[in-house]
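Engineer: Okay, here's the structure, questions in a sec.
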Amino acid sequence: MKRNLAIAVSALCLGLFAVGESSALDTYSAPDPAGGIASSRHNLGSFSMHIGASDPTGFGPVGLGTTEICVFCHTPHHTNQGWTITLTPMWNRGTSAPTSFTAYGTTIGGTTVVNSDIGSTTLACLSCHDGVTTFDNIVNAPGKGLVVAGGSDRGFVFYDFGSPVSDFMTSSRLNLGLDLTNDHPVSIVYNASTVAGLRPVNTTISAIDLTSDLNTSATTYDNGNMTKNLWAVKGFVSDTATIADLLRGPSNDRVECSSCHDPHFNNKSWQEIDSTYSNVTADQEAESNGLFIRRVGGNTGSGVCRTCHEK
Ligand code: HEC
Ligand code: HEC
Ligand code: HEC
Ligand code: HEC
């Protein structure tokens with residue numbers, strides 16, 4: 001009974017939101033910048049509104065070593081040259097060794113990924129999302145701080161709304177761990193038109209029809225994002241990008257974490273995952289950055305999946 005009531009109430013809220021508050025949803029068009037990292041949870045500096053802020057309103061007293069944002073991932077000099085691969089772009093973090101991960105293995109289509117395939121941008125994301133490497137494990141510390149090849153923990157203290165928190169990913173939802181067998185395959189070659197219903201790499205993403213198979217309400221839901229299928233590539237929302245623009249790796253032919261996510265894009269276009277988008281007062285877990293998904297409208301109608309897979 002209580003459960004039914006809860007369902008009824010949330011259905012009501014969703015209904016209200018769809019009618020009354022859809023203006024809270026940001027609309028992006030080409031060529032808007034895919035920005036917003038400063039107000040997102042990928043800002044780990046002391047001016048951050050989230051982890052790192054020692055004051056719940058943000059912009060408060062400094063709780064840790066730096067106000068910089070990019071330094072937690074990039075540096076202009078002394079970049080991490082990585083393991084057997086060069087970590088790009090201009091990478092400033094220590095990462096777990098590729099050998100410490102368990103790669104996906106072999107797919108139904110017969111494509112195999114082994115640890116030595118694990119690519120630069122995937123290692124980059126996992127250098128925080130592996131649950132092992134600390135947020136402040138960096139190579140070139142801000143300003144006149146020391147350069148330590150391969151990175152080292154800088155002893156910064158991290159706060160979440162005034163309380164000190166752990167220096168590595170503890171949230172079970174965001175901590176992907178070292179085992180990549182339970183994640184969508186990454187560092188995997190995109191074998192277009194041969195397996196898994198994969199579309200040709202030269203497919204123009206915005207031209208993919210994701211709506212005509214669906215109920216007509218899909219055409220207007222989420223500000224019509226299903227019909228537009230706009231993805232952010234190279235830092236801008238694009239209506240001309242192709243699937244090739246999503247691929248990474250030495251030959252630009254692989255799916256990596258950054259095929260689906262842009263770590264700088266505080267994507268506020270996904271109605272289904274957040275009804276408030278409050279930056280300041282919301283609880284850290286409730287606050288959303290649209291999961292940093294590259295697609296405008298996030299995974300509405302499984303638009304992320306159906307962009308690559310013709311299913
Ligand atoms: C949380 C880690 C992280 C932070 C913080 C970060 N970046 Fe990045 N950045 C990345 C990753 C990962 C890539 C590779 C993305 C890809 O493969 O598309 C990247 C790529 C880039 C690129 C090239 C590709 C593109 O999207 O344009 C630029 C330019 C860039 N970053 C600038 C910045 C600047 C400037 C800042 C600070 C305001 C910053 N980044 C902060 C992780 C980060
Ligand atoms: C410098 C450390 C760092 C790196 C590198 C990093 N992240 Fe994060 N990421 C974080 C932190 C911190 C959070 C927020 C954690 C929390 O709220 O508990 C976060 C949150 C997220 C979220 C959840 C956002 C939401 O809307 O709920 C996603 C998705 C994510 N990161 C993906 C990525 C991807 C993909 C990459 C690589 C392109 C990446 N991250 C690189 C530190 C990092
Ligand atoms: C094929 C596309 C794709 C790839 C590749 C991908 N992700 Fe995601 N990721 C998604 C989608 C879609 C979601 C949102 C899932 C949902 O709605 O619950 C997501 C969610 C997440 C979340 C939030 C988890 C949750 O369930 O709330 C994190 C953290 C994350 N991704 C990090 C990464 C990292 C790190 C990598 C690389 C190891 C990666 N992603 C690779 C598509 C992808
Ligand atoms: C950037 C392109 C891309 C996107 C986006 C994408 N995939 Fe994939 N997916 C691939 C590739 C490449 C493979 C590997 C296919 C192969 O070689 O067998 C794959 C494989 C898979 C497999 C098969 C794994 C196996 O072991 O056989 C499933 C299931 C899958 N994807 C589901 C999804 C879902 C669900 C989403 C949305 C959350 C998604 N994909 C988004 C490119 C993508």
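Ordering of the structure tokens sets the chain letters (A, B, ...), residue numbers begin anew at 1 in every chain, and ligands are numbered from 1 in the order given.
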Compile the contact shell of segment 131-144 of chain A as a ChimeraX atom specification: residues with an atom at most 7 Å away, counting only C-alpha atoms, same-chain residues fewer than 4 positions apart removed.
Structural biologist: /A:66,71-72,75,78,80,92-96,127,148-154,156,167-170,175,177
Engineer: Which residues of segment 179-274 of chain A come within 8 Å of segment 284-304 of chain A, and what is each one's closest atom pair and distance in Å (one decimal), counting only C-alpha atoms, sorted by chain and residue number, as a Markdown table?
Structural biologist:
```
| residue | atom | partner | partner_atom | distance |
| --- | --- | --- | --- | --- |
| A:Leu210 | CA | A:Gly303 | CA | 6.8 |
| A:Ala218 | CA | A:Gly301 | CA | 8.0 |
| A:Asp222 | CA | A:Gly297 | CA | 6.4 |
| A:Asn225 | CA | A:Gly297 | CA | 5.4 |
| A:Met226 | CA | A:Gly303 | CA | 6.9 |
| A:Asn229 | CA | A:Val296 | CA | 6.8 |
| A:Leu230 | CA | A:Val296 | CA | 5.5 |
| A:Trp231 | CA | A:Arg295 | CA | 4.2 |
| A:Ala232 | CA | A:Arg294 | CA | 5.1 |
| A:Val233 | CA | A:Arg294 | CA | 7.5 |
| A:Val237 | CA | A:Val296 | CA | 7.9 |
| A:Ser259 | CA | A:Arg294 | CA | 7.9 |
| A:Cys260 | CA | A:Arg294 | CA | 5.6 |
| A:His261 | CA | A:Ile293 | CA | 4.3 |
| A:Asp262 | CA | A:Arg294 | CA | 5.4 |
| A:Pro263 | CA | A:Phe292 | CA | 5.6 |
| A:His264 | CA | A:Phe292 | CA | 7.2 |
| A:Phe265 | CA | A:Phe292 | CA | 5.5 |
| A:Asn266 | CA | A:Asn289 | CA | 4.8 |
| A:Asn267 | CA | A:Gly290 | CA | 4.7 |
| A:Lys268 | CA | A:Gly290 | CA | 5.6 |
| A:Ser269 | CA | A:Gly297 | CA | 4.8 |
| A:Trp270 | CA | A:Gly297 | CA | 4.5 |
| A:Gln271 | CA | A:Gly297 | CA | 7.5 |
| A:Glu272 | CA | A:Thr300 | CA | 7.2 |
| A:Ile273 | CA | A:Gly290 | CA | 7.2 |
| A:Asp274 | CA | A:Ser288 | CA | 6.4 |
```
Engineer: Keeping only N, CA, C and O atoms, write the selected residues as a short mmCIF file (atom, residue, chain, number, x, y, z; two decimals), in the first residue's frame.
Structural biologist:
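Produced file selection.cif, reproduced below:
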```cif
data_model
loop_
_atom_site.label_atom_id
_atom_site.label_comp_id
_atom_site.auth_asym_id
_atom_site.auth_seq_id
_atom_site.Cartn_x
_atom_site.Cartn_y
_atom_site.Cartn_z
N LEU A 210 15.85 7.94 -34.64
CA LEU A 210 15.63 7.19 -33.40
C LEU A 210 14.18 7.23 -32.96
O LEU A 210 13.82 6.58 -31.97
N ALA A 218 7.55 10.63 -28.12
CA ALA A 218 9.01 10.67 -28.12
C ALA A 218 9.54 11.85 -28.95
O ALA A 218 10.67 12.29 -28.75
N ASP A 222 11.73 15.69 -23.77
CA ASP A 222 13.12 16.15 -23.64
C ASP A 222 13.47 17.22 -24.69
O ASP A 222 14.56 17.19 -25.28
N ASN A 225 14.85 16.04 -28.07
CA ASN A 225 16.21 15.55 -28.23
C ASN A 225 16.31 14.21 -28.96
O ASN A 225 17.33 13.91 -29.58
N MET A 226 15.24 13.41 -28.88
CA MET A 226 15.26 12.13 -29.60
C MET A 226 15.36 12.34 -31.10
O MET A 226 16.01 11.59 -31.80
N ASN A 229 19.13 14.05 -31.96
CA ASN A 229 20.32 13.20 -31.75
C ASN A 229 21.64 13.96 -31.94
O ASN A 229 22.49 13.58 -32.75
N LEU A 230 21.79 15.02 -31.17
CA LEU A 230 23.02 15.81 -31.23
C LEU A 230 24.02 15.27 -30.20
O LEU A 230 23.65 15.01 -29.06
N TRP A 231 25.26 15.09 -30.61
CA TRP A 231 26.31 14.65 -29.68
C TRP A 231 27.39 15.73 -29.62
O TRP A 231 27.62 16.44 -30.61
N ALA A 232 28.04 15.82 -28.47
CA ALA A 232 29.17 16.73 -28.33
C ALA A 232 30.43 16.02 -28.80
O ALA A 232 30.75 14.94 -28.32
N VAL A 233 31.12 16.62 -29.76
CA VAL A 233 32.44 16.11 -30.15
C VAL A 233 33.40 17.28 -30.23
O VAL A 233 33.00 18.40 -30.55
N VAL A 237 28.77 20.87 -29.27
CA VAL A 237 27.59 20.13 -29.71
C VAL A 237 27.57 20.21 -31.24
O VAL A 237 27.71 21.29 -31.81
N SER A 259 34.19 7.79 -25.62
CA SER A 259 33.30 7.68 -26.77
C SER A 259 31.90 8.11 -26.37
O SER A 259 31.17 8.71 -27.15
N CYS A 260 31.51 7.76 -25.17
CA CYS A 260 30.15 8.02 -24.70
C CYS A 260 30.08 9.18 -23.73
O CYS A 260 29.02 9.78 -23.55
N HIS A 261 31.18 9.48 -23.05
CA HIS A 261 31.20 10.55 -22.05
C HIS A 261 32.17 11.65 -22.46
O HIS A 261 33.23 11.37 -22.99
N ASP A 262 31.81 12.90 -22.16
CA ASP A 262 32.74 14.01 -22.25
C ASP A 262 32.90 14.56 -20.83
O ASP A 262 31.95 15.12 -20.27
N PRO A 263 34.08 14.37 -20.24
CA PRO A 263 34.25 14.72 -18.81
C PRO A 263 34.11 16.20 -18.49
O PRO A 263 34.07 16.57 -17.33
N HIS A 264 34.05 17.05 -19.55
CA HIS A 264 33.90 18.50 -19.31
C HIS A 264 32.46 18.96 -19.44
O HIS A 264 32.15 20.10 -19.12
N PHE A 265 31.61 18.12 -20.00
CA PHE A 265 30.26 18.54 -20.39
C PHE A 265 29.28 18.31 -19.24
O PHE A 265 28.86 17.18 -18.99
N ASN A 266 28.92 19.38 -18.57
CA ASN A 266 27.93 19.31 -17.50
C ASN A 266 26.56 19.31 -18.17
O ASN A 266 25.88 20.34 -18.26
N ASN A 267 26.19 18.15 -18.65
CA ASN A 267 25.05 17.99 -19.57
C ASN A 267 23.73 18.07 -18.81
O ASN A 267 23.36 17.15 -18.08
N LYS A 268 23.00 19.15 -19.02
CA LYS A 268 21.75 19.39 -18.28
C LYS A 268 20.52 19.14 -19.14
O LYS A 268 19.52 19.84 -19.02
N SER A 269 20.60 18.18 -20.05
CA SER A 269 19.52 18.02 -21.02
C SER A 269 18.74 16.73 -20.84
O SER A 269 17.98 16.35 -21.71
N TRP A 270 18.94 16.05 -19.71
CA TRP A 270 18.38 14.72 -19.60
C TRP A 270 17.33 14.69 -18.50
O TRP A 270 17.61 14.45 -17.35
N GLN A 271 16.09 14.93 -18.91
CA GLN A 271 14.96 15.04 -17.98
C GLN A 271 14.82 13.83 -17.07
O GLN A 271 14.50 13.94 -15.90
N GLU A 272 15.08 12.65 -17.62
CA GLU A 272 14.81 11.42 -16.89
C GLU A 272 15.67 11.24 -15.65
O GLU A 272 15.27 10.55 -14.73
N ILE A 273 16.86 11.82 -15.62
CA ILE A 273 17.72 11.54 -14.48
C ILE A 273 17.76 12.64 -13.44
O ILE A 273 18.36 12.49 -12.40
N ASP A 274 17.18 13.79 -13.70
CA ASP A 274 17.24 14.85 -12.70
C ASP A 274 16.14 15.85 -12.95
O ASP A 274 16.00 16.36 -14.05
#
```
Engineer: Distance atom CA of Gly35 of chain A-atom 10 (C, counted along the ligand's line) of ligand 3, one decimal place?
Structural biologist: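 We find that atom CA of Gly35 of chain A and atom 10 (C, counted along the ligand's line) of ligand 3 lie 18.4 Å from each other.
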Engineer: Where does DSSP see strand (DSSP E or B) in segment 46-246 of chain A, if you list the residues as a PyMOL selection string?
Structural biologist: chain A and resi 51+53+62+74+91+93+102+105-106+112-113+137-140+147-153+158-160+163-165+179+188-189+198+204+231-233+236-238+242
Engineer: I need the residues from that last selection saved to file as a CSV table (one decimal), in the first residue's frame (with N, CA and C atoms), if you can.
Structural biologist:
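The resulting selection-v5.csv:
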```csv
chain,number,residue,atom,x,y,z
A,51,ILE,N,32.5,18.2,-4.2
A,51,ILE,CA,33.7,17.8,-3.4
A,51,ILE,C,34.7,18.8,-3.5
A,53,ALA,N,34.7,21.7,-1.8
A,53,ALA,CA,34.2,22.9,-1.2
A,53,ALA,C,34.1,22.8,0.3
A,62,VAL,N,39.2,28.1,1.4
A,62,VAL,CA,39.8,27.0,0.7
A,62,VAL,C,40.1,25.8,1.6
A,74,HIS,N,45.0,17.6,-16.3
A,74,HIS,CA,45.9,18.0,-17.3
A,74,HIS,C,47.0,18.9,-16.8
A,91,TRP,N,48.3,14.6,-20.1
A,91,TRP,CA,47.7,13.9,-18.9
A,91,TRP,C,48.6,14.2,-17.6
A,93,ARG,N,47.9,12.8,-14.4
A,93,ARG,CA,47.5,11.9,-13.3
A,93,ARG,C,48.4,10.7,-13.3
A,102,THR,N,41.2,-6.1,-15.2
A,102,THR,CA,40.8,-7.3,-15.9
A,102,THR,C,39.9,-6.8,-17.1
A,105,GLY,N,37.5,-9.1,-22.3
A,105,GLY,CA,37.5,-10.5,-22.8
A,105,GLY,C,37.0,-10.6,-24.2
A,106,THR,N,36.2,-11.6,-24.5
A,106,THR,CA,35.7,-11.8,-25.9
A,106,THR,C,34.2,-11.6,-26.0
A,112,THR,N,38.1,-9.6,-29.2
A,112,THR,CA,38.7,-9.8,-27.9
A,112,THR,C,39.5,-8.5,-27.5
A,113,VAL,N,39.3,-8.2,-26.2
A,113,VAL,CA,40.1,-7.1,-25.6
A,113,VAL,C,40.9,-7.7,-24.5
A,137,ASN,N,46.4,12.3,-6.9
A,137,ASN,CA,47.6,11.6,-7.4
A,137,ASN,C,48.0,12.2,-8.7
A,138,ILE,N,48.8,13.3,-8.7
A,138,ILE,CA,49.2,14.0,-9.9
A,138,ILE,C,50.7,14.1,-10.1
A,139,VAL,N,51.1,14.4,-11.4
A,139,VAL,CA,52.5,14.4,-11.7
A,139,VAL,C,53.1,15.8,-11.4
A,140,ASN,N,52.5,16.8,-12.0
A,140,ASN,CA,53.0,18.2,-11.9
A,140,ASN,C,52.0,19.0,-11.0
A,147,VAL,N,57.4,18.2,-9.4
A,147,VAL,CA,57.1,17.2,-10.5
A,147,VAL,C,57.5,15.8,-10.0
A,148,VAL,N,56.6,14.9,-10.0
A,148,VAL,CA,56.9,13.5,-9.6
A,148,VAL,C,56.5,12.6,-10.8
A,149,ALA,N,57.5,12.1,-11.5
A,149,ALA,CA,57.1,11.3,-12.7
A,149,ALA,C,56.2,10.1,-12.3
A,150,GLY,N,55.2,9.9,-13.0
A,150,GLY,CA,54.2,8.8,-12.7
A,150,GLY,C,53.2,9.2,-11.7
A,151,GLY,N,53.4,10.4,-11.1
A,151,GLY,CA,52.4,10.9,-10.1
A,151,GLY,C,52.6,10.4,-8.7
A,152,SER,N,52.1,11.3,-7.8
A,152,SER,CA,52.1,10.9,-6.4
A,152,SER,C,51.0,11.6,-5.6
A,153,ASP,N,50.5,11.1,-4.5
A,153,ASP,CA,49.5,11.7,-3.8
A,153,ASP,C,50.0,13.0,-3.1
A,158,PHE,N,40.0,16.7,1.0
A,158,PHE,CA,38.8,16.9,0.2
A,158,PHE,C,37.6,17.0,1.2
A,159,TYR,N,36.7,18.0,0.8
A,159,TYR,CA,35.5,18.2,1.7
A,159,TYR,C,34.3,18.0,0.8
A,160,ASP,N,33.3,17.5,1.4
A,160,ASP,CA,32.0,17.5,0.8
A,160,ASP,C,31.0,18.3,1.7
A,163,SER,N,32.4,18.7,5.3
A,163,SER,CA,33.0,17.6,6.0
A,163,SER,C,34.0,16.9,5.2
A,164,PRO,N,35.2,16.6,5.9
A,164,PRO,CA,36.2,15.9,5.1
A,164,PRO,C,35.7,14.5,4.6
A,165,VAL,N,36.1,14.2,3.3
A,165,VAL,CA,35.7,12.9,2.7
A,165,VAL,C,37.0,12.2,2.2
A,179,ASP,N,37.9,-4.3,-12.3
A,179,ASP,CA,37.3,-5.4,-13.1
A,179,ASP,C,36.4,-4.8,-14.2
A,188,ILE,N,37.9,-1.4,-27.2
A,188,ILE,CA,37.5,-2.5,-28.2
A,188,ILE,C,37.4,-1.9,-29.6
A,189,VAL,N,37.9,-2.6,-30.6
A,189,VAL,CA,37.8,-2.1,-31.9
A,189,VAL,C,36.3,-2.1,-32.4
A,198,LEU,N,26.5,-2.9,-35.6
A,198,LEU,CA,27.2,-1.6,-35.6
A,198,LEU,C,27.0,-0.9,-36.9
A,204,THR,N,26.4,9.9,-40.3
A,204,THR,CA,26.2,11.2,-39.6
A,204,THR,C,25.2,11.0,-38.5
A,231,TRP,N,25.3,15.1,-30.6
A,231,TRP,CA,26.3,14.6,-29.7
A,231,TRP,C,27.4,15.7,-29.6
A,232,ALA,N,28.0,15.8,-28.5
A,232,ALA,CA,29.2,16.7,-28.3
A,232,ALA,C,30.4,16.0,-28.8
A,233,VAL,N,31.1,16.6,-29.8
A,233,VAL,CA,32.4,16.1,-30.1
A,233,VAL,C,33.4,17.3,-30.2
A,236,PHE,N,32.3,20.6,-28.8
A,236,PHE,CA,31.1,21.4,-29.2
A,236,PHE,C,30.0,20.4,-29.5
A,237,VAL,N,28.8,20.9,-29.3
A,237,VAL,CA,27.6,20.1,-29.7
A,237,VAL,C,27.6,20.2,-31.2
A,238,SER,N,27.4,19.0,-31.9
A,238,SER,CA,27.6,19.0,-33.3
A,238,SER,C,26.4,18.4,-34.0
A,242,THR,N,30.2,12.4,-37.1
A,242,THR,CA,29.9,11.0,-37.5
A,242,THR,C,30.4,10.1,-36.3
```
Engineer: Let me see if you get this right: every residue at most 6 Å from ligand 4, counting only C-alpha atoms and all ligand atoms, written as JSON, numbers by chain.
Structural biologist: {"A": [107, 108, 109, 110, 111, 188, 189, 190, 191, 195, 196, 246, 255, 259, 260, 304, 305, 307, 308]}
Engineer: Between A:Thr240, A:Asn202, A:Ser120, A:Ser100, which is the closest to ligand 1 once you count only C-alpha atoms and all ligand atoms?
Structural biologist: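 Looking only at the distances to ligand 1, the closest residue turns out to be A:Ser120.
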Engineer: Per DSSP on the backbone, what are the helix (DSSP H, G or I) residues of segment 61-286 of chain A, as a PyMOL selection string?
Structural biologist: chain A and resi 70-72+98-100+115-117+120-129+180-182+205-207+216-219+221-228+243-246+257-260+271-273
Engineer: The selected residues should be written to file as a PDB file, in the first residue's frame (atoms: C-alpha atoms).
Structural biologist:
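Listed below is the output, part-v3.pdb:
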```
ATOM      1  CA  CYS A  70      42.317  21.371 -14.971  1.00  0.00           C
ATOM      2  CA  VAL A  71      45.395  20.390 -12.911  1.00  0.00           C
ATOM      3  CA  PHE A  72      43.575  17.360 -11.537  1.00  0.00           C
ATOM      4  CA  PRO A  98      47.028  -1.665 -17.320  1.00  0.00           C
ATOM      5  CA  THR A  99      48.037  -5.056 -15.886  1.00  0.00           C
ATOM      6  CA  SER A 100      46.075  -4.387 -12.693  1.00  0.00           C
ATOM      7  CA  ASN A 115      44.735  -5.789 -20.724  1.00  0.00           C
ATOM      8  CA  SER A 116      47.455  -4.514 -23.018  1.00  0.00           C
ATOM      9  CA  ASP A 117      44.707  -3.033 -25.253  1.00  0.00           C
ATOM     10  CA  SER A 120      44.748   6.067 -22.849  1.00  0.00           C
ATOM     11  CA  THR A 121      41.397   7.786 -22.258  1.00  0.00           C
ATOM     12  CA  THR A 122      39.997   4.760 -20.465  1.00  0.00           C
ATOM     13  CA  LEU A 123      42.993   4.666 -18.145  1.00  0.00           C
ATOM     14  CA  ALA A 124      42.444   8.393 -17.684  1.00  0.00           C
ATOM     15  CA  CYS A 125      38.862   8.014 -16.418  1.00  0.00           C
ATOM     16  CA  LEU A 126      39.754   5.005 -14.340  1.00  0.00           C
ATOM     17  CA  SER A 127      42.540   6.964 -12.665  1.00  0.00           C
ATOM     18  CA  CYS A 128      39.731   8.255 -10.441  1.00  0.00           C
ATOM     19  CA  HIS A 129      36.925   5.784 -11.064  1.00  0.00           C
ATOM     20  CA  LEU A 180      36.135  -4.271 -16.557  1.00  0.00           C
ATOM     21  CA  THR A 181      34.332  -7.506 -17.388  1.00  0.00           C
ATOM     22  CA  ASN A 182      31.106  -6.085 -15.942  1.00  0.00           C
ATOM     23  CA  ILE A 205      24.897  10.890 -36.048  1.00  0.00           C
ATOM     24  CA  SER A 206      22.211  13.569 -36.238  1.00  0.00           C
ATOM     25  CA  ALA A 207      20.695  11.870 -39.291  1.00  0.00           C
ATOM     26  CA  THR A 216       4.727   9.986 -31.031  1.00  0.00           C
ATOM     27  CA  SER A 217       5.326  11.508 -27.572  1.00  0.00           C
ATOM     28  CA  ALA A 218       9.013  10.674 -28.123  1.00  0.00           C
ATOM     29  CA  THR A 219       9.226  13.461 -30.704  1.00  0.00           C
ATOM     30  CA  TYR A 221       9.882  14.630 -24.960  1.00  0.00           C
ATOM     31  CA  ASP A 222      13.119  16.148 -23.640  1.00  0.00           C
ATOM     32  CA  ASN A 223      12.760  19.191 -25.923  1.00  0.00           C
ATOM     33  CA  GLY A 224      12.768  16.932 -28.975  1.00  0.00           C
ATOM     34  CA  ASN A 225      16.214  15.547 -28.231  1.00  0.00           C
ATOM     35  CA  MET A 226      15.263  12.128 -29.595  1.00  0.00           C
ATOM     36  CA  THR A 227      14.653  13.585 -33.036  1.00  0.00           C
ATOM     37  CA  LYS A 228      17.796  15.734 -33.060  1.00  0.00           C
ATOM     38  CA  ILE A 243      30.492   7.854 -35.420  1.00  0.00           C
ATOM     39  CA  ALA A 244      34.181   8.061 -36.363  1.00  0.00           C
ATOM     40  CA  ASP A 245      34.374  11.202 -34.178  1.00  0.00           C
ATOM     41  CA  LEU A 246      33.502   9.068 -31.142  1.00  0.00           C
ATOM     42  CA  CYS A 257      35.084   5.748 -22.007  1.00  0.00           C
ATOM     43  CA  SER A 258      35.239   9.072 -23.792  1.00  0.00           C
ATOM     44  CA  SER A 259      33.303   7.683 -26.774  1.00  0.00           C
ATOM     45  CA  CYS A 260      30.146   8.017 -24.701  1.00  0.00           C
ATOM     46  CA  GLN A 271      14.964  15.038 -17.977  1.00  0.00           C
ATOM     47  CA  GLU A 272      14.806  11.423 -16.891  1.00  0.00           C
ATOM     48  CA  ILE A 273      17.725  11.540 -14.475  1.00  0.00           C
TER      49      ILE A 273
END
```
Engineer: Restricting the calculation to only C-alpha atoms and all ligand atoms, which member of A:His309, A:Lys234, A:His184, A:Arg41 is positioned closest to ligand 3?
Structural biologist: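 Using only C-alpha atoms and all ligand atoms, the shortest distance to ligand 3 belongs to A:His184.
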Engineer: Near Pro250 of chain A, within 10 Å and counting only C-alpha atoms, which residues show up once chain neighbours fewer than 2 positions away are dropped, as a list in words?
Structural biologist: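 The filter keeps Ile85, Thr86, Gly119, Ser120, Arg248, Asn252, Asp253 and Arg254 of chain A.
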Engineer: Write out, as a compact mmCIF listing (two decimals), in the first residue's frame, the residues just selected, with all heavy atoms.
Structural biologist:
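File written: out-v4.txt
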```txt
# COMPACT_ATOMS: atom_id res chain seq x y z
N ILE A 85 51.91 3.11 -23.33
CA ILE A 85 51.27 4.07 -24.20
C ILE A 85 51.47 5.46 -23.60
O ILE A 85 51.64 5.58 -22.39
CB ILE A 85 49.75 3.81 -24.30
CG1 ILE A 85 49.16 3.62 -22.90
CG2 ILE A 85 49.45 2.65 -25.19
CD1 ILE A 85 47.66 3.69 -22.85
N THR A 86 51.41 6.48 -24.42
CA THR A 86 51.45 7.84 -23.91
C THR A 86 50.04 8.21 -23.50
O THR A 86 49.09 8.03 -24.26
CB THR A 86 51.94 8.80 -25.00
OG1 THR A 86 53.25 8.40 -25.36
CG2 THR A 86 51.98 10.23 -24.49
N GLY A 119 43.15 1.47 -23.34
CA GLY A 119 43.63 2.68 -23.99
C GLY A 119 43.76 3.87 -23.06
O GLY A 119 43.27 3.87 -21.93
N SER A 120 44.39 4.88 -23.60
CA SER A 120 44.75 6.07 -22.85
C SER A 120 43.56 6.74 -22.16
O SER A 120 43.59 6.99 -20.95
CB SER A 120 45.43 7.04 -23.81
OG SER A 120 45.61 8.27 -23.20
N ARG A 248 38.42 6.37 -30.46
CA ARG A 248 39.71 6.79 -29.92
C ARG A 248 40.75 5.69 -30.15
O ARG A 248 40.47 4.71 -30.82
CB ARG A 248 39.59 7.06 -28.40
CG ARG A 248 38.62 8.18 -28.02
CD ARG A 248 39.19 9.55 -28.39
NE ARG A 248 38.31 10.64 -27.99
CZ ARG A 248 37.32 11.11 -28.74
NH1 ARG A 248 37.08 10.62 -29.92
NH2 ARG A 248 36.59 12.13 -28.30
N ASN A 252 42.41 5.47 -33.84
CA ASN A 252 41.07 6.08 -33.80
C ASN A 252 39.98 5.13 -34.26
O ASN A 252 39.07 5.52 -34.99
CB ASN A 252 41.04 7.36 -34.66
CG ASN A 252 41.74 8.50 -33.96
OD1 ASN A 252 41.63 8.65 -32.75
ND2 ASN A 252 42.49 9.28 -34.71
N ASP A 253 40.08 3.89 -33.81
CA ASP A 253 39.07 2.91 -34.23
C ASP A 253 38.47 2.16 -33.05
O ASP A 253 37.88 1.11 -33.23
CB ASP A 253 39.70 1.92 -35.23
CG ASP A 253 40.84 1.12 -34.62
OD1 ASP A 253 41.28 1.43 -33.49
OD2 ASP A 253 41.31 0.16 -35.28
N ARG A 254 38.64 2.71 -31.84
CA ARG A 254 38.15 1.98 -30.68
C ARG A 254 37.14 2.76 -29.86
O ARG A 254 37.16 3.99 -29.85
CB ARG A 254 39.32 1.64 -29.74
CG ARG A 254 40.29 0.69 -30.37
CD ARG A 254 41.33 0.30 -29.36
NE ARG A 254 42.41 -0.42 -30.01
CZ ARG A 254 43.54 -0.77 -29.40
NH1 ARG A 254 43.73 -0.43 -28.13
NH2 ARG A 254 44.45 -1.43 -30.06
```
Engineer: Between A:Pro76, A:Pro200, A:Gly65, A:Gly145, which is the closest to ligand 1 once you count only C-alpha atoms and all ligand atoms?
Structural biologist: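 Checking each of A:Pro76, A:Pro200, A:Gly65, A:Gly145 against ligand 1, counting only C-alpha atoms and all ligand atoms, the winner is A:Pro76.
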Engineer: Quick one, how far is atom 9 (N, counted along the ligand's line) of ligand 2 from atom CA of Leu174 of chain A?
Structural biologist: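 Separation between atom 9 (N, counted along the ligand's line) of ligand 2 and atom CA of Leu174 of chain A: 7.3 Å.
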Engineer: Could you tell me which of A:Thr220, A:Thr194, A:Thr211, A:Ser172 comes closest to ligand 3 if we count only C-alpha atoms and all ligand atoms?
Structural biologist: A:Ser172
